[in-house]
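Next up, model_30.cif (mmCIF, C-alpha atoms):
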```cif
data_data
#
loop_
_atom_site.label_atom_id
_atom_site.label_comp_id
_atom_site.auth_asym_id
_atom_site.auth_seq_id
_atom_site.Cartn_x
_atom_site.Cartn_y
_atom_site.Cartn_z
CA PHE A 2 36.98 50.26 96.17
CA PHE A 3 39.40 51.57 93.57
CA SER A 4 36.93 54.19 92.37
CA SER A 5 36.38 55.53 95.89
CA PHE A 6 40.17 55.49 96.59
CA TRP A 7 40.87 57.37 93.37
CA ALA A 8 38.23 59.98 94.17
CA ALA A 9 39.71 60.51 97.64
CA ALA A 10 43.22 60.83 96.20
CA GLN A 11 42.03 63.38 93.66
CA GLY A 12 40.37 65.40 96.38
CA THR A 13 43.50 65.35 98.53
CA THR A 14 45.69 66.39 95.60
CA SER A 15 43.26 69.11 94.68
CA SER A 16 43.14 70.50 98.22
CA THR A 17 46.92 70.23 98.60
CA GLY A 18 47.44 71.99 95.30
CA ALA A 19 45.04 74.69 96.42
CA ARG A 20 46.99 75.17 99.65
CA ILE A 21 50.29 75.31 97.76
CA SER A 22 48.84 77.74 95.27
CA SER A 23 47.39 79.83 98.07
CA THR A 24 50.70 79.84 99.96
CA SER A 25 52.62 80.69 96.80
CA SER A 26 50.25 83.52 95.99
CA SER A 27 50.52 84.81 99.54
CA THR A 28 54.29 84.67 99.37
CA THR A 29 54.32 86.45 96.03
CA ARG A 30 52.03 89.15 97.33
CA THR A 31 54.27 89.62 100.38
CA ARG A 32 57.38 90.05 98.24
CA THR A 33 55.81 92.59 95.93
CA THR A 34 53.84 94.56 98.50
CA PRO A 35 54.29 98.26 97.73
CA GLY A 36 56.11 100.20 100.44
CA ALA A 37 57.81 97.11 101.95
CA LYS A 38 61.40 97.67 103.15
CA GLN A 39 63.97 96.16 100.83
CA PRO A 40 67.48 95.09 102.03
CA VAL A 41 70.06 97.82 101.49
CA MET A 42 73.11 96.63 99.51
CA SER A 43 76.43 98.47 99.74
CA ALA A 44 78.03 99.85 96.59
CA GLY A 45 80.83 97.23 96.65
CA SER A 46 78.70 94.30 97.80
CA GLY A 47 79.60 91.10 95.97
CA TYR A 48 82.67 92.53 94.30
CA ASP A 49 84.99 91.61 97.17
CA LEU A 50 84.38 87.86 96.95
CA SER A 51 87.10 87.28 94.38
CA SER A 52 90.34 88.97 93.44
CA SER A 53 89.49 88.45 89.76
CA THR A 54 86.43 90.73 89.88
CA PHE A 55 86.51 94.49 89.33
CA SER A 56 84.01 96.74 91.05
CA PRO A 57 82.02 99.22 88.91
CA ASP A 58 84.47 101.99 89.85
CA GLY A 59 87.50 99.91 88.82
CA ARG A 60 88.69 98.66 92.21
CA ILE A 61 89.82 95.18 93.29
CA PHE A 62 88.75 94.92 96.91
CA GLN A 63 90.72 91.77 97.73
CA VAL A 64 93.98 93.55 96.82
CA GLU A 65 92.97 96.53 98.96
CA TYR A 66 92.23 94.20 101.88
CA ALA A 67 95.68 92.63 101.47
CA SER A 68 97.27 96.09 101.58
CA LYS A 69 95.29 96.79 104.74
CA ALA A 70 96.72 93.63 106.30
CA VAL A 71 100.23 94.95 105.61
CA GLU A 72 99.38 98.20 107.39
CA ASN A 73 98.64 96.17 110.54
CA GLY A 74 102.17 94.72 110.53
CA GLY A 75 105.33 96.18 112.02
CA THR A 76 107.05 99.08 110.28
CA ALA A 77 109.64 98.08 107.65
CA LEU A 78 112.09 100.64 106.26
CA GLY A 79 114.65 100.64 103.47
CA LEU A 80 117.31 103.26 102.74
CA LYS A 81 119.62 103.52 99.71
CA CYS A 82 122.78 105.29 100.85
CA ARG A 83 125.83 106.39 98.90
CA ASP A 84 127.80 103.29 99.93
CA GLY A 85 125.08 100.65 100.31
CA VAL A 86 121.54 99.75 101.36
CA VAL A 87 120.15 99.47 104.90
CA LEU A 88 117.01 97.52 105.91
CA ALA A 89 115.22 97.80 109.25
CA VAL A 90 112.07 96.13 110.61
CA GLU A 91 110.11 96.60 113.80
CA LYS A 92 109.39 93.03 114.94
CA PRO A 93 106.71 92.90 117.68
CA VAL A 94 107.55 90.59 120.58
CA LEU A 95 104.31 88.61 120.91
CA ASN A 96 105.52 86.41 123.76
CA LYS A 97 108.29 86.90 126.31
CA MET A 98 109.21 83.22 125.96
CA LEU A 99 110.14 83.54 122.29
CA LEU A 100 113.79 83.39 121.34
CA PRO A 101 115.08 86.67 119.86
CA THR A 102 116.33 84.91 116.71
CA SER A 103 112.97 83.25 115.92
CA ASN A 104 110.36 84.49 113.47
CA ARG A 105 112.74 86.79 111.63
CA ARG A 106 111.57 89.58 109.33
CA ILE A 107 114.84 90.00 107.38
CA HIS A 108 116.18 87.16 105.22
CA SER A 109 119.11 86.61 102.86
CA VAL A 110 118.27 85.41 99.35
CA ASP A 111 121.93 84.94 98.43
CA GLU A 112 125.13 86.88 99.05
CA ALA A 113 124.05 89.82 96.89
CA HIS A 114 120.36 90.06 97.82
CA GLY A 115 118.40 90.52 101.04
CA VAL A 116 114.67 90.84 101.76
CA ALA A 117 112.84 92.60 104.61
CA VAL A 118 109.15 91.71 104.99
CA THR A 119 106.13 92.89 106.93
CA GLY A 120 102.47 91.88 107.09
CA PHE A 121 101.45 88.22 107.35
CA VAL A 122 104.74 86.48 108.08
CA ALA A 123 103.55 83.15 106.65
CA ASP A 124 102.71 84.83 103.33
CA ALA A 125 106.00 86.70 103.35
CA ARG A 126 107.92 83.46 103.83
CA GLN A 127 106.60 82.18 100.49
CA ILE A 128 107.83 85.35 98.77
CA VAL A 129 111.29 84.84 100.30
CA ASN A 130 111.36 81.19 99.18
CA ARG A 131 110.35 82.25 95.68
CA ALA A 132 113.15 84.82 95.61
CA ARG A 133 115.66 82.15 96.55
CA ASP A 134 114.36 79.83 93.82
CA GLU A 135 114.59 82.62 91.25
CA ALA A 136 118.16 83.48 92.30
CA ILE A 137 119.28 79.83 92.13
CA GLY A 138 117.55 79.21 88.80
CA TYR A 139 119.05 82.32 87.20
CA GLU A 140 122.58 81.45 88.31
CA GLU A 141 122.25 77.86 87.11
CA THR A 142 120.98 79.05 83.72
CA TYR A 143 123.23 82.06 83.04
CA GLY A 144 126.21 81.44 85.34
CA THR A 145 125.94 84.80 87.10
CA LYS A 146 124.01 86.42 89.95
CA VAL A 147 120.51 87.61 89.13
CA PRO A 148 120.44 91.42 88.52
CA PRO A 149 118.39 93.52 90.97
CA SER A 150 115.82 94.59 88.38
CA VAL A 151 115.29 91.03 87.12
CA LEU A 152 114.76 89.63 90.63
CA SER A 153 112.29 92.36 91.58
CA ASP A 154 110.35 91.99 88.30
CA ARG A 155 110.08 88.22 88.72
CA LEU A 156 108.93 88.53 92.32
CA ALA A 157 106.39 91.14 91.28
CA ALA A 158 105.06 88.84 88.54
CA TYR A 159 104.77 85.99 91.05
CA VAL A 160 102.84 88.16 93.53
CA HIS A 161 100.64 89.57 90.77
CA TYR A 162 99.68 86.06 89.62
CA PHE A 163 97.82 85.58 92.90
CA THR A 164 95.52 88.50 92.06
CA LEU A 165 94.33 86.99 88.77
CA HIS A 166 92.53 83.81 89.82
CA GLY A 167 89.41 83.38 91.90
CA ALA A 168 90.79 80.25 93.55
CA LEU A 169 93.75 82.18 94.97
CA ARG A 170 94.09 85.18 97.28
CA PRO A 171 96.61 88.03 97.22
CA PHE A 172 99.64 87.97 99.51
CA GLY A 173 99.09 89.93 102.71
CA ALA A 174 102.74 90.98 102.79
CA THR A 175 105.13 93.56 101.35
CA ALA A 176 108.79 92.84 100.54
CA LEU A 177 111.69 95.31 100.50
CA VAL A 178 114.59 93.97 98.41
CA ALA A 179 118.19 95.18 98.80
CA SER A 180 120.44 94.10 95.92
CA TYR A 181 123.89 94.55 94.42
CA ASP A 182 124.85 94.05 90.77
CA ASP A 183 128.45 92.87 90.55
CA GLU A 184 128.66 93.67 86.82
CA THR A 185 127.46 97.28 86.96
CA LYS A 186 128.82 97.83 90.52
CA GLU A 187 125.49 99.41 91.51
CA HIS A 188 123.27 98.78 94.52
CA ALA A 189 119.49 99.11 94.48
CA LEU A 190 116.39 99.10 96.68
CA HIS A 191 113.04 97.78 95.42
CA MET A 192 109.66 97.25 97.07
CA ILE A 193 107.06 94.68 95.96
CA GLU A 194 103.48 95.41 97.04
CA PRO A 195 100.51 92.97 97.38
CA SER A 196 99.12 94.21 94.05
CA GLY A 197 102.24 92.98 92.24
CA MET A 198 103.65 96.47 91.70
CA SER A 199 107.42 96.90 91.95
CA HIS A 200 109.28 100.20 92.15
CA ARG A 201 112.88 101.25 92.74
CA TYR A 202 113.41 103.70 95.61
CA PHE A 203 115.93 105.89 97.37
CA ALA A 204 113.91 105.23 100.54
CA CYS A 205 110.71 103.27 101.15
CA ALA A 206 108.48 102.23 104.02
CA ALA A 207 105.72 99.69 104.66
CA GLY A 208 103.60 98.67 107.63
CA LYS A 209 101.66 100.63 110.21
CA GLY A 210 104.12 103.56 110.37
CA ARG A 211 104.48 103.91 106.61
CA GLN A 212 103.27 107.49 106.13
CA PRO A 213 105.06 109.25 109.02
CA ALA A 214 108.22 107.25 108.25
CA LYS A 215 108.15 108.43 104.64
CA THR A 216 107.84 112.01 105.86
CA GLU A 217 110.92 111.60 108.06
CA MET A 218 113.01 109.89 105.37
CA GLU A 219 112.23 112.63 102.86
CA LYS A 220 114.20 115.00 105.10
CA LEU A 221 117.41 112.97 104.62
CA THR A 222 119.97 113.73 101.91
CA LEU A 223 119.66 110.75 99.58
CA ASN A 224 119.86 112.06 96.01
CA ASN A 225 122.38 114.88 95.77
CA ARG A 226 123.55 114.44 92.19
CA GLU A 227 125.77 117.53 92.19
CA ASP A 228 127.79 116.26 95.15
CA PRO A 229 127.11 112.55 95.83
CA ALA A 230 129.56 112.63 98.74
CA GLN A 231 126.96 114.64 100.66
CA ASN A 232 124.49 111.75 100.53
CA ILE A 233 123.96 109.78 103.71
CA SER A 234 126.27 106.84 104.53
CA VAL A 235 125.16 103.42 105.76
CA ARG A 236 126.51 104.14 109.26
CA GLU A 237 124.40 107.27 109.46
CA GLY A 238 121.51 105.44 107.79
CA VAL A 239 121.46 102.84 110.56
CA LYS A 240 121.16 105.60 113.15
CA GLN A 241 118.41 107.41 111.26
CA LEU A 242 116.29 104.28 110.73
CA ALA A 243 116.65 103.39 114.41
CA ARG A 244 115.56 106.91 115.34
CA ILE A 245 112.52 106.80 113.04
CA ILE A 246 111.28 103.44 114.31
CA HIS A 247 111.73 104.40 117.98
CA ALA A 248 110.07 107.77 117.38
CA LEU A 249 107.00 106.09 115.85
CA HIS A 250 106.71 103.49 118.61
CA ASP A 251 104.12 104.32 121.28
CA GLU A 252 105.02 102.42 124.46
CA ALA A 253 101.55 103.00 125.89
CA LYS A 254 99.69 101.44 122.93
CA ASP A 255 102.15 99.29 120.99
CA LYS A 256 103.64 95.98 122.04
CA PRO A 257 107.36 95.68 122.86
CA PHE A 258 109.47 95.14 119.78
CA GLU A 259 112.85 93.95 118.61
CA LEU A 260 114.73 96.01 116.04
CA GLU A 261 116.08 93.91 113.17
CA MET A 262 118.60 95.54 110.82
CA SER A 263 120.76 94.42 107.92
CA TRP A 264 122.95 96.07 105.32
CA LEU A 265 124.49 95.43 101.94
CA CYS A 266 127.44 97.77 101.57
CA GLU A 267 131.17 98.28 101.12
CA GLU A 268 131.75 97.60 104.81
CA SER A 269 130.15 94.16 104.48
CA GLY A 270 132.06 93.36 101.26
CA TRP A 271 128.86 93.89 99.22
CA LYS A 272 127.29 90.88 100.90
CA HIS A 273 123.94 90.98 102.66
CA LYS A 274 124.62 90.63 106.38
CA GLY A 275 123.00 91.57 109.64
CA VAL A 276 124.18 94.82 111.18
CA PRO A 277 126.52 93.98 114.11
CA ARG A 278 124.77 94.04 117.48
CA ASP A 279 127.15 96.61 118.92
CA VAL A 280 126.37 98.96 116.01
CA ILE A 281 122.63 98.50 116.54
CA LYS A 282 123.01 99.09 120.29
CA GLU A 283 125.02 102.26 119.69
CA SER A 284 122.48 103.49 117.13
CA VAL A 285 119.53 102.85 119.46
CA GLU A 286 121.20 104.75 122.29
CA TRP A 287 121.88 107.68 119.96
CA ALA A 288 118.30 107.55 118.66
CA LYS A 289 116.72 107.63 122.12
CA LYS A 290 118.98 110.50 123.16
CA ASP A 291 118.15 112.46 120.01
CA ILE A 292 114.40 111.91 120.52
CA ALA A 293 114.63 113.07 124.16
CA GLU A 294 116.52 116.22 123.17
CA ALA A 295 113.98 117.02 120.46
CA GLU A 296 111.12 116.66 122.96
CA GLU A 297 112.88 118.98 125.41
CA GLU A 298 113.36 121.59 122.68
CA ASP A 299 109.66 121.38 121.80
CA GLU A 300 108.70 121.88 125.43
CA ASP A 301 111.02 124.89 125.77
CA SER A 302 109.64 126.48 122.61
CA ASP A 303 106.05 125.94 123.83
CA GLU A 304 106.90 127.63 127.15
CA GLU A 305 108.47 130.58 125.34
CA MET A 306 105.38 131.02 123.18
CA GLU A 307 103.09 130.88 126.22
CA GLY A 308 105.30 133.39 128.07
#
```

Mind converting the file's structure to C-alpha coordinates?
Amino acid sequence: FFSSFWAAAQGTTSSTGARISSTSSSTTRTRTTPGAKQPVMSAGSGYDLSSSTFSPDGRIFQVEYASKAVENGGTALGLKCRDGVVLAVEKPVLNKMLLPTSNRRIHSVDEAHGVAVTGFVADARQIVNRARDEAIGYEETYGTKVPPSVLSDRLAAYVHYFTLHGALRPFGATALVASYDDETKEHALHMIEPSGMSHRYFACAAGKGRQPAKTEMEKLTLNNREDPAQNISVREGVKQLARIIHALHDEAKDKPFELEMSWLCEESGWKHKGVPRDVIKESVEWAKKDIAEAEEEDEDSDEEMEG
(Lines of atoms letter the chains of each structure in order from A and count residues from 1; the text may use other names and numbers.)
(Lines give C-alpha, C1' and ligand atoms only; values in the text may rest on other atoms or scores of the structure.)
Protein backbone atom coordinates (compact mmCIF):
# COMPACT_ATOMS: atom_id res chain seq x y z
CA PHE A 1 0.00 0.00 0.00
CA PHE A 2 2.71 2.42 1.05
CA SER A 3 4.82 1.62 -2.01
CA SER A 4 1.92 2.31 -4.38
CA PHE A 5 1.00 5.53 -2.48
CA TRP A 6 4.59 6.74 -2.63
CA ALA A 7 4.81 6.04 -6.37
CA ALA A 8 1.58 7.97 -6.98
CA ALA A 9 2.82 10.90 -4.89
CA GLN A 10 6.10 10.98 -6.80
CA GLY A 11 4.24 11.01 -10.09
CA THR A 12 1.99 13.85 -8.96
CA THR A 13 4.95 15.88 -7.73
CA SER A 14 6.81 15.22 -10.92
CA SER A 15 3.88 16.28 -13.11
CA THR A 16 3.20 19.33 -10.94
CA GLY A 17 6.85 20.32 -11.07
CA ALA A 18 6.77 19.91 -14.83
CA ARG A 19 3.73 22.17 -15.08
CA ILE A 20 5.35 24.78 -12.84
CA SER A 21 8.55 24.58 -14.81
CA SER A 22 6.63 24.82 -18.06
CA THR A 23 4.63 27.82 -16.81
CA SER A 24 7.77 29.50 -15.50
CA SER A 25 9.56 28.95 -18.78
CA SER A 26 6.57 30.30 -20.68
CA THR A 27 6.45 33.35 -18.46
CA THR A 28 10.16 33.94 -18.87
CA ARG A 29 9.91 33.63 -22.61
CA THR A 30 7.01 36.11 -22.65
CA ARG A 31 8.98 38.69 -20.66
CA THR A 32 12.06 38.47 -22.84
CA THR A 33 10.35 38.19 -26.21
CA PRO A 34 12.19 40.47 -28.64
CA GLY A 35 10.10 43.35 -29.96
CA ALA A 36 7.61 43.28 -27.05
CA LYS A 37 6.41 46.73 -25.87
CA GLN A 38 7.98 47.78 -22.60
CA PRO A 39 6.29 50.27 -20.19
CA VAL A 40 7.48 53.83 -20.76
CA MET A 41 8.80 55.50 -17.58
CA SER A 42 8.94 59.29 -17.28
CA ALA A 43 12.25 60.99 -16.56
CA GLY A 44 11.21 61.93 -12.99
CA SER A 45 9.34 58.71 -12.19
CA GLY A 46 10.04 57.52 -8.66
CA TYR A 47 11.87 60.66 -7.61
CA ASP A 48 8.71 62.44 -6.45
CA LEU A 49 7.81 59.88 -3.79
CA SER A 50 9.90 61.54 -1.09
CA SER A 51 11.10 65.04 -0.37
CA SER A 52 14.49 63.62 0.65
CA THR A 53 15.27 62.30 -2.86
CA PHE A 54 16.95 64.32 -5.60
CA SER A 55 16.16 63.65 -9.23
CA PRO A 56 19.09 63.08 -11.65
CA ASP A 57 18.89 66.72 -12.75
CA GLY A 58 19.03 68.01 -9.16
CA ARG A 59 15.35 68.73 -8.52
CA ILE A 60 13.19 67.93 -5.49
CA PHE A 61 9.74 67.33 -6.92
CA GLN A 62 7.87 67.37 -3.60
CA VAL A 63 9.07 70.94 -2.96
CA GLU A 64 8.02 71.95 -6.47
CA TYR A 65 4.57 70.43 -5.90
CA ALA A 66 4.26 72.41 -2.66
CA SER A 67 5.12 75.62 -4.53
CA LYS A 68 2.47 74.71 -7.08
CA ALA A 69 -0.08 74.39 -4.27
CA VAL A 70 0.76 77.95 -3.19
CA GLU A 71 0.12 79.20 -6.72
CA ASN A 72 -3.44 77.87 -6.46
CA GLY A 73 -4.11 80.03 -3.39
CA GLY A 74 -5.28 83.63 -3.23
CA THR A 75 -2.84 86.42 -4.05
CA ALA A 76 -0.82 87.73 -1.09
CA LEU A 77 1.14 90.99 -1.35
CA GLY A 78 3.62 92.79 0.86
CA LEU A 79 4.95 96.34 0.48
CA LYS A 80 7.76 98.04 2.42
CA CYS A 81 7.02 101.77 2.43
CA ARG A 82 9.02 104.67 3.81
CA ASP A 83 6.96 104.77 7.01
CA GLY A 84 5.96 101.13 7.49
CA VAL A 85 4.91 97.81 5.94
CA VAL A 86 1.55 96.92 4.37
CA LEU A 87 0.20 93.37 3.90
CA ALA A 88 -2.78 92.42 1.71
CA VAL A 89 -4.38 89.06 0.91
CA GLU A 90 -7.14 88.05 -1.47
CA LYS A 91 -9.27 85.67 0.62
CA PRO A 92 -11.74 83.69 -1.55
CA VAL A 93 -15.26 83.49 -0.13
CA LEU A 94 -15.98 79.76 -0.44
CA ASN A 95 -19.43 79.92 1.12
CA LYS A 96 -21.88 82.79 1.51
CA MET A 97 -22.75 81.54 5.00
CA LEU A 98 -19.22 82.05 6.32
CA LEU A 99 -18.59 84.91 8.72
CA PRO A 100 -16.26 87.58 7.28
CA THR A 101 -13.90 87.29 10.27
CA SER A 102 -13.44 83.51 9.96
CA ASN A 103 -10.57 81.70 8.27
CA ARG A 104 -8.26 84.71 8.31
CA ARG A 105 -5.15 84.96 6.15
CA ILE A 106 -3.38 87.69 8.17
CA HIS A 107 -2.28 87.02 11.76
CA SER A 108 -0.41 88.89 14.49
CA VAL A 109 2.61 87.13 15.99
CA ASP A 110 3.11 89.82 18.63
CA GLU A 111 2.91 93.61 18.68
CA ALA A 112 5.93 94.03 16.42
CA HIS A 113 5.36 91.19 13.93
CA GLY A 114 2.57 90.18 11.56
CA VAL A 115 2.23 87.33 9.06
CA ALA A 116 0.18 87.09 5.84
CA VAL A 117 -0.22 83.57 4.41
CA THR A 118 -1.51 81.92 1.27
CA GLY A 119 -1.73 78.34 0.01
CA PHE A 120 -3.04 75.55 2.25
CA VAL A 121 -4.48 77.44 5.20
CA ALA A 122 -4.07 74.49 7.59
CA ASP A 123 -0.36 74.30 6.77
CA ALA A 124 0.00 78.06 7.10
CA ARG A 125 -1.58 77.97 10.55
CA GLN A 126 1.28 75.79 11.80
CA ILE A 127 3.81 78.31 10.49
CA VAL A 128 1.98 81.10 12.34
CA ASN A 129 1.92 79.07 15.57
CA ARG A 130 5.63 78.39 15.21
CA ALA A 131 6.31 82.10 14.74
CA ARG A 132 4.43 82.86 17.94
CA ASP A 133 6.39 80.21 19.84
CA GLU A 134 9.68 81.60 18.53
CA ALA A 135 8.72 85.16 19.50
CA ILE A 136 7.68 84.11 23.02
CA GLY A 137 10.77 81.95 23.53
CA TYR A 138 13.15 84.67 22.38
CA GLU A 139 11.60 87.28 24.67
CA GLU A 140 11.66 84.93 27.65
CA THR A 141 15.32 84.11 27.02
CA TYR A 142 16.74 87.53 26.08
CA GLY A 143 14.18 89.95 27.53
CA THR A 144 13.56 91.75 24.24
CA LYS A 145 11.48 91.34 21.08
CA VAL A 146 12.85 88.97 18.47
CA PRO A 147 14.61 90.89 15.62
CA PRO A 148 13.05 90.60 12.14
CA SER A 149 16.01 88.72 10.64
CA VAL A 150 16.14 86.21 13.51
CA LEU A 151 12.42 85.44 13.30
CA SER A 152 12.51 84.96 9.53
CA ASP A 153 15.63 82.75 9.71
CA ARG A 154 14.09 80.55 12.40
CA LEU A 155 10.84 80.18 10.48
CA ALA A 156 12.79 79.34 7.34
CA ALA A 157 14.77 76.67 9.22
CA TYR A 158 11.53 75.19 10.56
CA VAL A 159 9.96 75.04 7.08
CA HIS A 160 13.16 73.64 5.58
CA TYR A 161 13.23 70.81 8.14
CA PHE A 162 10.09 69.39 6.55
CA THR A 163 11.93 68.95 3.24
CA LEU A 164 14.67 66.75 4.73
CA HIS A 165 12.81 63.66 5.93
CA GLY A 166 10.90 61.07 3.96
CA ALA A 167 8.28 60.73 6.69
CA LEU A 168 7.34 64.41 6.38
CA ARG A 169 6.05 66.58 3.54
CA PRO A 170 6.82 70.21 2.70
CA PHE A 171 4.44 72.97 3.74
CA GLY A 172 2.04 73.95 0.97
CA ALA A 173 2.05 77.58 2.11
CA THR A 174 4.06 80.79 1.83
CA ALA A 175 4.37 83.35 4.62
CA LEU A 176 4.99 87.11 4.29
CA VAL A 177 6.38 88.55 7.53
CA ALA A 178 6.15 92.25 8.44
CA SER A 179 8.41 93.21 11.37
CA TYR A 180 9.75 96.15 13.33
CA ASP A 181 12.99 96.25 15.31
CA ASP A 182 12.61 98.59 18.27
CA GLU A 183 16.39 98.76 18.84
CA THR A 184 17.44 99.72 15.32
CA LYS A 185 14.15 101.56 14.60
CA GLU A 186 13.90 99.75 11.24
CA HIS A 187 11.00 97.92 9.64
CA ALA A 188 11.38 94.94 7.33
CA LEU A 189 9.48 92.61 5.00
CA HIS A 190 10.49 88.96 4.57
CA MET A 191 8.97 86.05 2.65
CA ILE A 192 9.39 82.36 3.57
CA GLU A 193 8.83 79.89 0.73
CA PRO A 194 7.94 76.14 0.91
CA SER A 195 11.57 75.26 0.14
CA GLY A 196 12.71 76.98 3.35
CA MET A 197 14.22 79.98 1.54
CA SER A 198 13.86 83.38 3.19
CA HIS A 199 14.58 86.73 1.57
CA ARG A 200 14.11 90.37 2.53
CA TYR A 201 12.11 92.47 0.07
CA PHE A 202 10.95 95.96 -0.78
CA ALA A 203 7.86 94.29 -2.29
CA CYS A 204 6.89 90.65 -2.68
CA ALA A 205 3.98 88.56 -3.93
CA ALA A 206 2.77 84.96 -3.63
CA GLY A 207 -0.23 83.00 -4.86
CA LYS A 208 -1.95 82.75 -8.21
CA GLY A 209 -1.36 86.40 -9.20
CA ARG A 210 2.29 86.44 -8.19
CA GLN A 211 3.93 87.30 -11.51
CA PRO A 212 1.61 90.08 -12.76
CA ALA A 213 1.53 91.55 -9.23
CA LYS A 214 5.33 91.70 -9.15
CA THR A 215 5.29 93.51 -12.48
CA GLU A 216 2.88 96.12 -11.12
CA MET A 217 4.77 96.63 -7.85
CA GLU A 218 8.05 97.16 -9.69
CA LYS A 219 6.53 100.34 -11.12
CA LEU A 220 6.15 101.87 -7.64
CA THR A 221 8.79 104.09 -6.04
CA LEU A 222 10.10 101.95 -3.19
CA ASN A 223 13.88 102.40 -3.07
CA ASN A 224 14.83 105.99 -3.84
CA ARG A 225 18.01 106.31 -1.81
CA GLU A 226 18.82 109.83 -3.01
CA ASP A 227 15.48 111.18 -1.78
CA PRO A 228 13.74 108.69 0.56
CA ALA A 229 10.85 111.12 1.00
CA GLN A 230 9.81 110.26 -2.56
CA ASN A 231 9.21 106.64 -1.61
CA ILE A 232 5.62 105.51 -1.28
CA SER A 233 3.78 105.95 2.05
CA VAL A 234 1.64 103.33 3.76
CA ARG A 235 -1.55 105.25 2.92
CA GLU A 236 -0.64 105.21 -0.75
CA GLY A 237 0.56 101.61 -0.40
CA VAL A 238 -2.87 100.50 0.80
CA LYS A 239 -4.45 102.04 -2.29
CA GLN A 240 -1.93 100.50 -4.66
CA LEU A 241 -2.26 96.98 -3.21
CA ALA A 242 -6.05 97.24 -3.38
CA ARG A 243 -5.77 98.33 -7.02
CA ILE A 244 -3.43 95.46 -7.92
CA ILE A 245 -5.59 92.77 -6.34
CA HIS A 246 -8.81 94.09 -7.91
CA ALA A 247 -7.10 94.45 -11.30
CA LEU A 248 -5.97 90.81 -11.21
CA HIS A 249 -9.37 89.49 -10.13
CA ASP A 250 -11.48 88.10 -12.97
CA GLU A 251 -15.14 88.20 -11.92
CA ALA A 252 -16.10 85.78 -14.69
CA LYS A 253 -13.66 83.04 -13.62
CA ASP A 254 -12.63 83.71 -10.03
CA LYS A 255 -14.74 83.29 -6.92
CA PRO A 256 -15.85 86.33 -4.89
CA PHE A 257 -13.22 87.44 -2.41
CA GLU A 258 -12.70 89.49 0.71
CA LEU A 259 -9.74 91.86 0.88
CA GLU A 260 -7.75 91.51 4.11
CA MET A 261 -5.18 94.22 4.89
CA SER A 262 -2.91 95.07 7.79
CA TRP A 263 -0.07 97.48 8.45
CA LEU A 264 2.84 98.02 10.78
CA CYS A 265 3.73 101.70 10.67
CA GLU A 266 4.07 105.03 12.44
CA GLU A 267 0.32 105.59 12.21
CA SER A 268 -0.32 102.35 14.14
CA GLY A 269 2.37 103.14 16.74
CA TRP A 270 4.67 100.51 15.18
CA LYS A 271 2.25 97.79 16.18
CA HIS A 272 0.82 95.25 13.76
CA LYS A 273 -2.86 96.07 13.32
CA GLY A 274 -5.56 95.61 10.75
CA VAL A 275 -6.10 98.52 8.40
CA PRO A 276 -9.29 100.37 9.49
CA ARG A 277 -12.35 99.34 7.50
CA ASP A 278 -13.08 102.88 6.36
CA VAL A 279 -9.55 103.16 4.94
CA ILE A 280 -9.96 99.85 3.10
CA LYS A 281 -13.35 100.93 1.76
CA GLU A 282 -11.94 104.24 0.54
CA SER A 283 -8.97 102.48 -1.07
CA VAL A 284 -11.19 99.94 -2.86
CA GLU A 285 -13.40 102.70 -4.26
CA TRP A 286 -10.33 104.57 -5.51
CA ALA A 287 -8.90 101.35 -6.99
CA LYS A 288 -12.06 100.49 -8.92
CA LYS A 289 -12.32 104.05 -10.24
CA ASP A 290 -8.67 104.03 -11.32
CA ILE A 291 -9.07 100.67 -13.08
CA ALA A 292 -12.19 101.91 -14.93
CA GLU A 293 -10.40 105.08 -16.08
CA ALA A 294 -7.42 103.06 -17.30
CA GLU A 295 -9.72 100.78 -19.31
CA GLU A 296 -11.45 103.79 -20.89
CA GLU A 297 -8.08 105.26 -21.87
CA ASP A 298 -7.08 101.96 -23.48
CA GLU A 299 -10.31 101.86 -25.46
CA ASP A 300 -9.85 105.45 -26.64
CA SER A 301 -6.28 104.79 -27.73
CA ASP A 302 -7.37 101.65 -29.63
CA GLU A 303 -10.06 103.65 -31.45
CA GLU A 304 -7.53 106.34 -32.38
CA MET A 305 -5.15 103.74 -33.79
CA GLU A 306 -7.93 102.12 -35.82
CA GLY A 307 -9.05 105.53 -37.12

Selected by the PyMOL selection byres ((chain A and resi 84) around 9) in the shown coordinates: which residues, as a PyMOL selection string? chain A and resi 81-83+85-86+188+233-235+265-268

Proximity to Val239 of chain A - best of A:Ala168, A:Arg226, A:Leu88, A:Arg131, only C-alpha atoms: A:Leu88

Residue contacts of Asp183 of chain A (12 Å, only C-alpha atoms) excluding same-chain residues fewer than 2 positions away, as JSON, numbers by chain: {"A": [112, 113, 114, 145, 146, 147, 148, 149, 180, 181, 185, 186, 187, 188, 189, 270, 271, 272]}

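Within the file as shown, the PyMOL selection byres ((chain A and resi 91) around 10) identifies Gly74, Gly75, Thr76, Ala77, Leu78, Ala89, Val90, Lys92, Pro93, Val94, Arg106, Thr119, Gly208, Gly210, Ala243, Ile246, His247, His250, Pro257, Phe258, Glu259, Leu260, Glu261 and Met262 of chain A.
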
Surrounding residues of Ala174 of chain A excluding itself and chain neighbours under 2 positions, 7 Å, all atoms listed in the file, as number ranges by chain: A: 71, 118-121, 124-125, 172, 176, 195

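The two atoms in question, atom CA of Asp291 of chain A and atom CA of Ile245 of chain A, are spaced 10.6 Å apart.
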
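The two atoms in question, atom CA of Lys274 of chain A and atom CA of Leu152 of chain A, are spaced 18.6 Å apart.
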
Return the single residue from A:Lys289, A:Arg170, A:Arg236, A:Lys209 that is closest to Tyr66 of chain A, with distances computed using all atoms listed in the file.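 The shortest atom-to-atom distance to Tyr66 of chain A comes from A:Arg170.
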
Do you have the atom CA of Arg244 of chain A-atom CA of Arg278 of chain A distance handy?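 It comes out at 16.0 Å.
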
Please enumerate the residues selected by the PyMOL selection byres ((chain A and resi 201-206) around 7) when evaluated against the supplied file, formatted as a PyMOL selection string. chain A and resi 77-81+190-192+200+207+211+214-215+218+223
